[in-house]
Every structure is written in C-alpha cells, then in structure tokens.
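Engineer: Structure incoming, see below.
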Amino acid sequence: MLPTPSTDHVTFENVYEPAEDSFLLLDTLSSRSEREFLRARFPATAGASPVVLEIGTGSGVVLAFVAANALHILGRSDIMTVATDINSFACHATKKTLQLALASNASENPSAPVPIFLDSINSDLASPLRAGSLDVLIFNPPYVPTEGLPDLSKHDKFNAVTEHGADSFDCNSHMLALSYAGGVDGMEVTNRLLGQIPTLLRKGEGVAYILLCAQNRPDHVKSLVRQWGSGWKVETVGSSGKKAGWERLQVIRIWQ
Amino acid sequence: MKILTLNFVTCARKACKASPAAFPLRPREAELEIVEQDINPLFVRNVLPRLEWDALREVCGELGLQQLPSTAPSPDDLFTTTPAAADTAMADAADAHEPRPSQLLRDLHTLLLETTMRSGKLVCGNCGHEYAVKEGIANFLLPSHLV
Ligand SMILES: C[S@@+](CC[C@H](N)C(=O)[O-])C[C@H]1O[C@@H](n2cnc3c(N)ncnc32)[C@H](O)[C@@H]1O
Ligand SMILES: [Zn+2]
C-alpha cells in the first residue's frame with residue numbers, strides 16, 4: 001500500500017475532504033493495469049517529460065499521490081504536475097499538500113529526480129491550459145445530480161473571502177456545493193469537460209481519467225465518447241461500492 | 001507562478017484560443033522571487049522538448065531577465081565534459097570525464113524552476129484581459145459575459 005498524502009493542514013469547511021471517490025482514483029491510478037498502461041504509453045526512455053493536470057484538485061490528495069509516487073505509477077519521476085480548481089481555498093490547500101508530499105518523497109528517495117509541481121491555478125476546468133499540451137488529465141468532478149448549479153454571480157465575492165467574517169457560512173456552503181453539485185444527471189460540469197478533451201490532450205498520446213457515479217449513466221457517457229471517432233477509446237478501469245451488480249462509482253479512461 | 005508554467009497557459013477566453021497574440025500572456029507589475037530547488041539535470045533535459053522556446057524568450061524579455069539564445073538549445077548544449085575550474089583539483093581522473101551540467105543548464109534551471117511570480121498581472125495580447133496573480137496563484141476565472 002502506498003501512503004496517502006497528508007491533508008492535515010486543510011480546513012474541510014470550504015474544501016472537499018478526501019472521500020471514497022478520491023480513494024478510488026488513488027487505487028485505480030496505482031493499480032497494476034494502469035501502471036502497465038501508463039509505462040507503455042510514456043516510456044522513460046522517450047525523453048520528453050509528461051505533463052499531468054488534475055482539474056478540481058480540492059485538498060490536492062490525488063495529484064500529490066501521483067506526484068509522490070510517479071516512479072511507481074509511471075515508471076519515471078521526471079513529470080510536471082499542474083492543478084486547477086474553481087475554489088481559491090482549494091488552490092492554496094493543494095499547493096501545500098503537493099509541497100509536503102514532494103518534500104517527504106525527496107528525503108526517502110534522494111537519488112531519483114523529484115517530480116515538479118508547476119502551480120495551482122484558480123480557473124474553470126482547464127480553460128487557461130494550452131491546447132494539446134496535456135499527457136495525463138485527471139478529474140473527480142462534482143457528480144451528484146442536483147436541481148441547478150451553484151449561483152456563480154457571487155463566486156468572486158466568496159472566492160476572495162480571507163478572514164472568517166460574516167460571510168464565512170455562506171462562503172463555505174457555496175464552495176462545498178461547487179464540490180458536489182453536478183446538475184442534470186450530475187453531468188453538467190463533466191459534459192463541458194468531455195467536450196474539451198480532444199483539444200486539451202496531446203494528439204495521439206494524451207489520456208484522461210474521469211470519475212463517474214451510477215446516476216451519471218456511465219454506459220451512456222461511454223457510448224458518446226466512442227462516437228467521437230478518430231480512434232477515441234474508453235474503458236472502465238476501476239470501480240467501487242458494488243451493490244447487486246451495480247457499481248456506485250467508477251473511473252473511466254479515455255485515450256486514442 | 002513559475003516561469004515554466006507561463007509556457008503552458010494562455011488566455012482563458014474562447015475567443016482568444018485561435019489567436020497567436022494570446023500566447024504567451026504578458027507579465028505586468030510582476031514581483032518575482034527565487035524559490036530554491038535542487039538542480040536536476042535530467043529534468044531540465046526532458047522539459048526542453050516540451051517548451052515553446054520563442055514564448056519563453058518573450059516572457060524573459062518582458063520581465064527584463066537574461067537573454068536566451070535565439071534558438072532552443074540541443075541536449076548537447078546542456079552538458080559539458082570539461083570540469084569546472086574550481087572542481088579540477090578535487091575531481092579524480094574518471095570523474096573529470098563525466099558529463100556535467102553546463103552553465104546554460106544551470107541558468108535554465110534557475111529561470112524555469114526557481115524564478116516565480118509572487119504577484120502581478122498576466123495580460124492577454126489579443127483581448128487585453130488582465131489576470132491577477134496573488135500569493136503565487138493566478139486567477140483565470142472570467143466574468144460570465146466574457147466566457
Ligand atoms: C468531488 S471534488 C474532488 C476533489 C479532489 N480532487 C478529490 O478527489 O478529493 C470536486 C472538485 O472540483 C472543483 N470544481 C467544481 N467545478 C469546477 C470547475 N468548473 N472548474 C474547476 N474545478 C471545479 C471543486 O471545487 C472541488 O474541489
Ligand atoms: Zn484574451
């Protein structure tokens with residue numbers, strides 16, 4: 001078992017606390033089959049460093065896990081990691097989680113190159129990332145079906161709250177709603193990202209890992225991806241919470 | 001925000017995606033700091049093929065940093081087999097022929113991985129939109145009428 005990165009410094013009042021979905025991503029990315037897939041796709045001998053982006057990092061637990069265990073997962077540690085989140089508190093938390101995870105990793109593994117954490121970016125999805133620049137994209141989205149999405153007209157105000165003042169209760173509930181509320185079928189945010197995947201990933205090389213829940217209608221999502229054409233493929237590569245033949249959560253891998 | 005990261009980001013507006021003027025974003029009122037990192041020659045070598053060299057040169061120019069060579073270096077430029085003068089006395093015969101990081105590699109390490117923008121703005125050359133950087137974190141969220 002690989003250690004789970006520490007998130008003891010994070011205040012979970014306004015940042016998503018690692019849960020079953022986060023841990024399913026950790027288990028899936030470090031599973032034998034994904035390690036073999038990633039090592040074959042990004043062979044260490046091929047030189048150029050892979051760029052790994054996680055969207056919606058929350059506490060940063062998933063990206064920190066990938067960075068700290070890059071040698072185990074990708075068979076190479078010369079990777080560049082980037083984080084985005086719409087929640088500025090999550091961006092700060094992520095930066096700290098990555099720094100801590102990489103510092104303890106460096107002391108345990110002095111001979112291997114230390115993976116690079118580029119930056120935490122406060123953005124909608126991957127909107128500022130250069131097209132075709134991503135090798136691995138990871139997203140544990142807000143996936144719970146809800147009536148409507150959080151009201152973004154107040155987002156700037158809440159996003160800039162620094163002290164626990166009068167606004168802190170509303171701020172916290174807004175940020176937590178952003179972490180789970182997925183609108184119709186729980187797919188409104190995920191669908192926007194799916195549409196951008198062919199542009200964001202490096203042509204013919206990039207791979208995306210997306211977490212879905214049963215209410216997202218994963219089979220339907222997968223059939224839509226297969227209709228993209230141009231050799232796009234999709235498979236379920238991890239699942240948890242099996243109940244009467246139904247997976248409560250699953251991770252799909254999308255690649256060309 | 002690291003100088004290396006600036007090589008991977010562009011204007012968040014859809015309307016700017018196709019415009020060459022939107023990349024790289026121009027740093028303004030930048031407060032820079034050096035955050036020391038252990039040098040990692042292999043890493044610098046493997047990052048090189050991922051870089052848009054001209055964009056990196058432009059950003060360096062805007063920030064008044066060192067002038068970079070006009071074309072991207074080749075891997076051979078990153079290592080030297082001539083021992084640095086100060087090391088000669090200590091290096092034994094075998095060690096002296098080991099490739100060692102060249103000055104260019106050291107400079108790239110400092111520029112790409114140690115030089116960070118603590119605060120300032122990143123401006124799109126196409127639409128003029130300004131993105132704020134505070135405490136090292138850039139805010140790329142757009143007001144709804146610009147999305
Ligand atoms: C289910 S949480 C996952 C957090 C973390 N990755 C984990 O696995 O524990 C979803 C995250 O996505 C972020 N998020 C929601 N909508 C987003 C958007 N449009 N762009 C970027 N991040 C978003 C939330 O702030 C939250 O941190
Ligand atoms: Zn623009």
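Each chain in the structure tokens gets a letter, A, B and so on, in the order shown; residues start at 1 in every chain, and ligands are counted from 1 in the order they appear.
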Going by DSSP on the backbone, which bits of segment 17-93 of chain B are alpha helix (DSSP H)? Write them as an MDAnalysis selection string, please.

Structural biologist: chainID B and resid 41:47 53:62 85:88 93

Engineer: Atoms to include: C-alpha atoms. Write the selected residues as an mmCIF file, in the first residue's frame.

Structural biologist:
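Final output, saved to part15.cif:
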```
data_model
loop_
_atom_site.group_PDB
_atom_site.id
_atom_site.type_symbol
_atom_site.label_atom_id
_atom_site.label_comp_id
_atom_site.auth_asym_id
_atom_site.auth_seq_id
_atom_site.Cartn_x
_atom_site.Cartn_y
_atom_site.Cartn_z
ATOM 1 C CA PRO B 41 19.884 17.887 -14.901
ATOM 2 C CA LEU B 42 17.749 15.054 -16.271
ATOM 3 C CA PHE B 43 14.631 17.027 -15.612
ATOM 4 C CA VAL B 44 15.873 20.131 -17.435
ATOM 5 C CA ARG B 45 16.854 17.977 -20.400
ATOM 6 C CA ASN B 46 13.427 16.305 -20.569
ATOM 7 C CA VAL B 47 11.483 19.547 -20.159
ATOM 8 C CA TRP B 53 11.117 28.436 -26.947
ATOM 9 C CA ASP B 54 10.048 31.715 -28.568
ATOM 10 C CA ALA B 55 7.359 32.233 -25.934
ATOM 11 C CA LEU B 56 9.912 31.635 -23.181
ATOM 12 C CA ARG B 57 12.236 34.225 -24.747
ATOM 13 C CA GLU B 58 9.402 36.744 -24.968
ATOM 14 C CA VAL B 59 8.482 36.304 -21.302
ATOM 15 C CA CYS B 60 12.134 36.725 -20.294
ATOM 16 C CA GLY B 61 12.278 39.890 -22.349
ATOM 17 C CA GLU B 62 9.126 41.306 -20.762
ATOM 18 C CA ALA B 85 37.916 25.170 -12.895
ATOM 19 C CA ALA B 86 37.101 25.104 -9.188
ATOM 20 C CA ASP B 87 36.367 21.388 -9.304
ATOM 21 C CA THR B 88 39.510 20.345 -11.179
ATOM 22 C CA ALA B 93 40.543 11.212 -13.428
#
```

Engineer: Could you write out as a list in words the residues of chain A within 7 Å of chain B, counting only C-alpha atoms?

Structural biologist: Gly47, Ala48, Ser49, Asp78, Pro113, Leu118, Asp119, Ser120, Ile121, Asn122, Ser123, Asp124, Ser127, Pro128, Leu129 and Arg130 of chain A

Engineer: Can you write out the residues you just picked, keeping C-alpha atoms, as a PDB file, in the first residue's frame?

Structural biologist:
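This is the output file selection-v3.pdb:
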```pdb
ATOM      1  CA  GLY A  47      12.793  11.698 -23.073  1.00  0.00           C
ATOM      2  CA  ALA A  48      10.191  14.463 -23.018  1.00  0.00           C
ATOM      3  CA  SER A  49       8.576  14.862 -19.586  1.00  0.00           C
ATOM      4  CA  ASP A  78      10.554  13.489 -14.328  1.00  0.00           C
ATOM      5  CA  PRO A 113      14.649  13.164  -9.745  1.00  0.00           C
ATOM      6  CA  LEU A 118       4.312  23.583 -11.530  1.00  0.00           C
ATOM      7  CA  ASP A 119       1.436  25.541  -9.999  1.00  0.00           C
ATOM      8  CA  SER A 120      -2.022  25.654  -8.563  1.00  0.00           C
ATOM      9  CA  ILE A 121      -4.295  27.677 -10.858  1.00  0.00           C
ATOM     10  CA  ASN A 122      -7.674  29.172  -9.948  1.00  0.00           C
ATOM     11  CA  SER A 123      -9.749  28.508 -13.064  1.00  0.00           C
ATOM     12  CA  ASP A 124     -12.828  26.992 -14.601  1.00  0.00           C
ATOM     13  CA  SER A 127      -9.614  26.916 -19.516  1.00  0.00           C
ATOM     14  CA  PRO A 128      -6.142  28.555 -19.453  1.00  0.00           C
ATOM     15  CA  LEU A 129      -4.186  25.444 -20.483  1.00  0.00           C
ATOM     16  CA  ARG A 130      -2.569  25.481 -23.920  1.00  0.00           C
TER      17      ARG A 130
END
```

Engineer: Counting only C-alpha atoms and all ligand atoms, which protein, DNA or RNA residues come within 9 Å of ligand 1, given as number ranges by chain?

Structural biologist: A: 14-26, 54-63, 84-91, 122-127, 138-144, 175-182, 189-190, 192-193, 211

Engineer: Kindly work out which residues sit at most 6 Å from ligand 2, using only C-alpha atoms and all ligand atoms, and give the list as a PyMOL selection string.

Structural biologist: chain B and resi 11+13+16+22+124+126-127+129

Engineer: From the options B:Leu68, B:Leu146, B:Leu111, B:Leu63, which residue's atoms come nearest to Pro27 of chain B, counting only C-alpha atoms?

Structural biologist: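 The shortest atom-to-atom distance to Pro27 of chain B comes from B:Leu63.
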
Engineer: Report, in Å to a single decimal, how far apart atom CA of Ser119 of chain B and atom CA of Arg28 of chain B are.

Structural biologist: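 Distance between the two atoms: 9.4 Å.
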
Engineer: Hey, can you check how far atom CA of Lys96 of chain A sits from atom CA of Ala64 of chain A?

Structural biologist: 9.7 Å

Engineer: What separation in Å, quoted to one decimal, exists between atom CA of Gly125 of chain B and atom CA of Ser19 of chain B?

Structural biologist: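 Interatomic distance here is 9.1 Å.
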
Engineer: When DSSP works through the backbone of this structure, what residues of segment 176-232 of chain A end up as strand (DSSP E or B), shown as a list in words?

Structural biologist: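 Everything in segment 176-232 of chain A that counts as strand (DSSP E or B) is Ala181, Leu201, Val207, Ala208, Tyr209, Ile210, Leu211, Leu212 and Cys213 of chain A.
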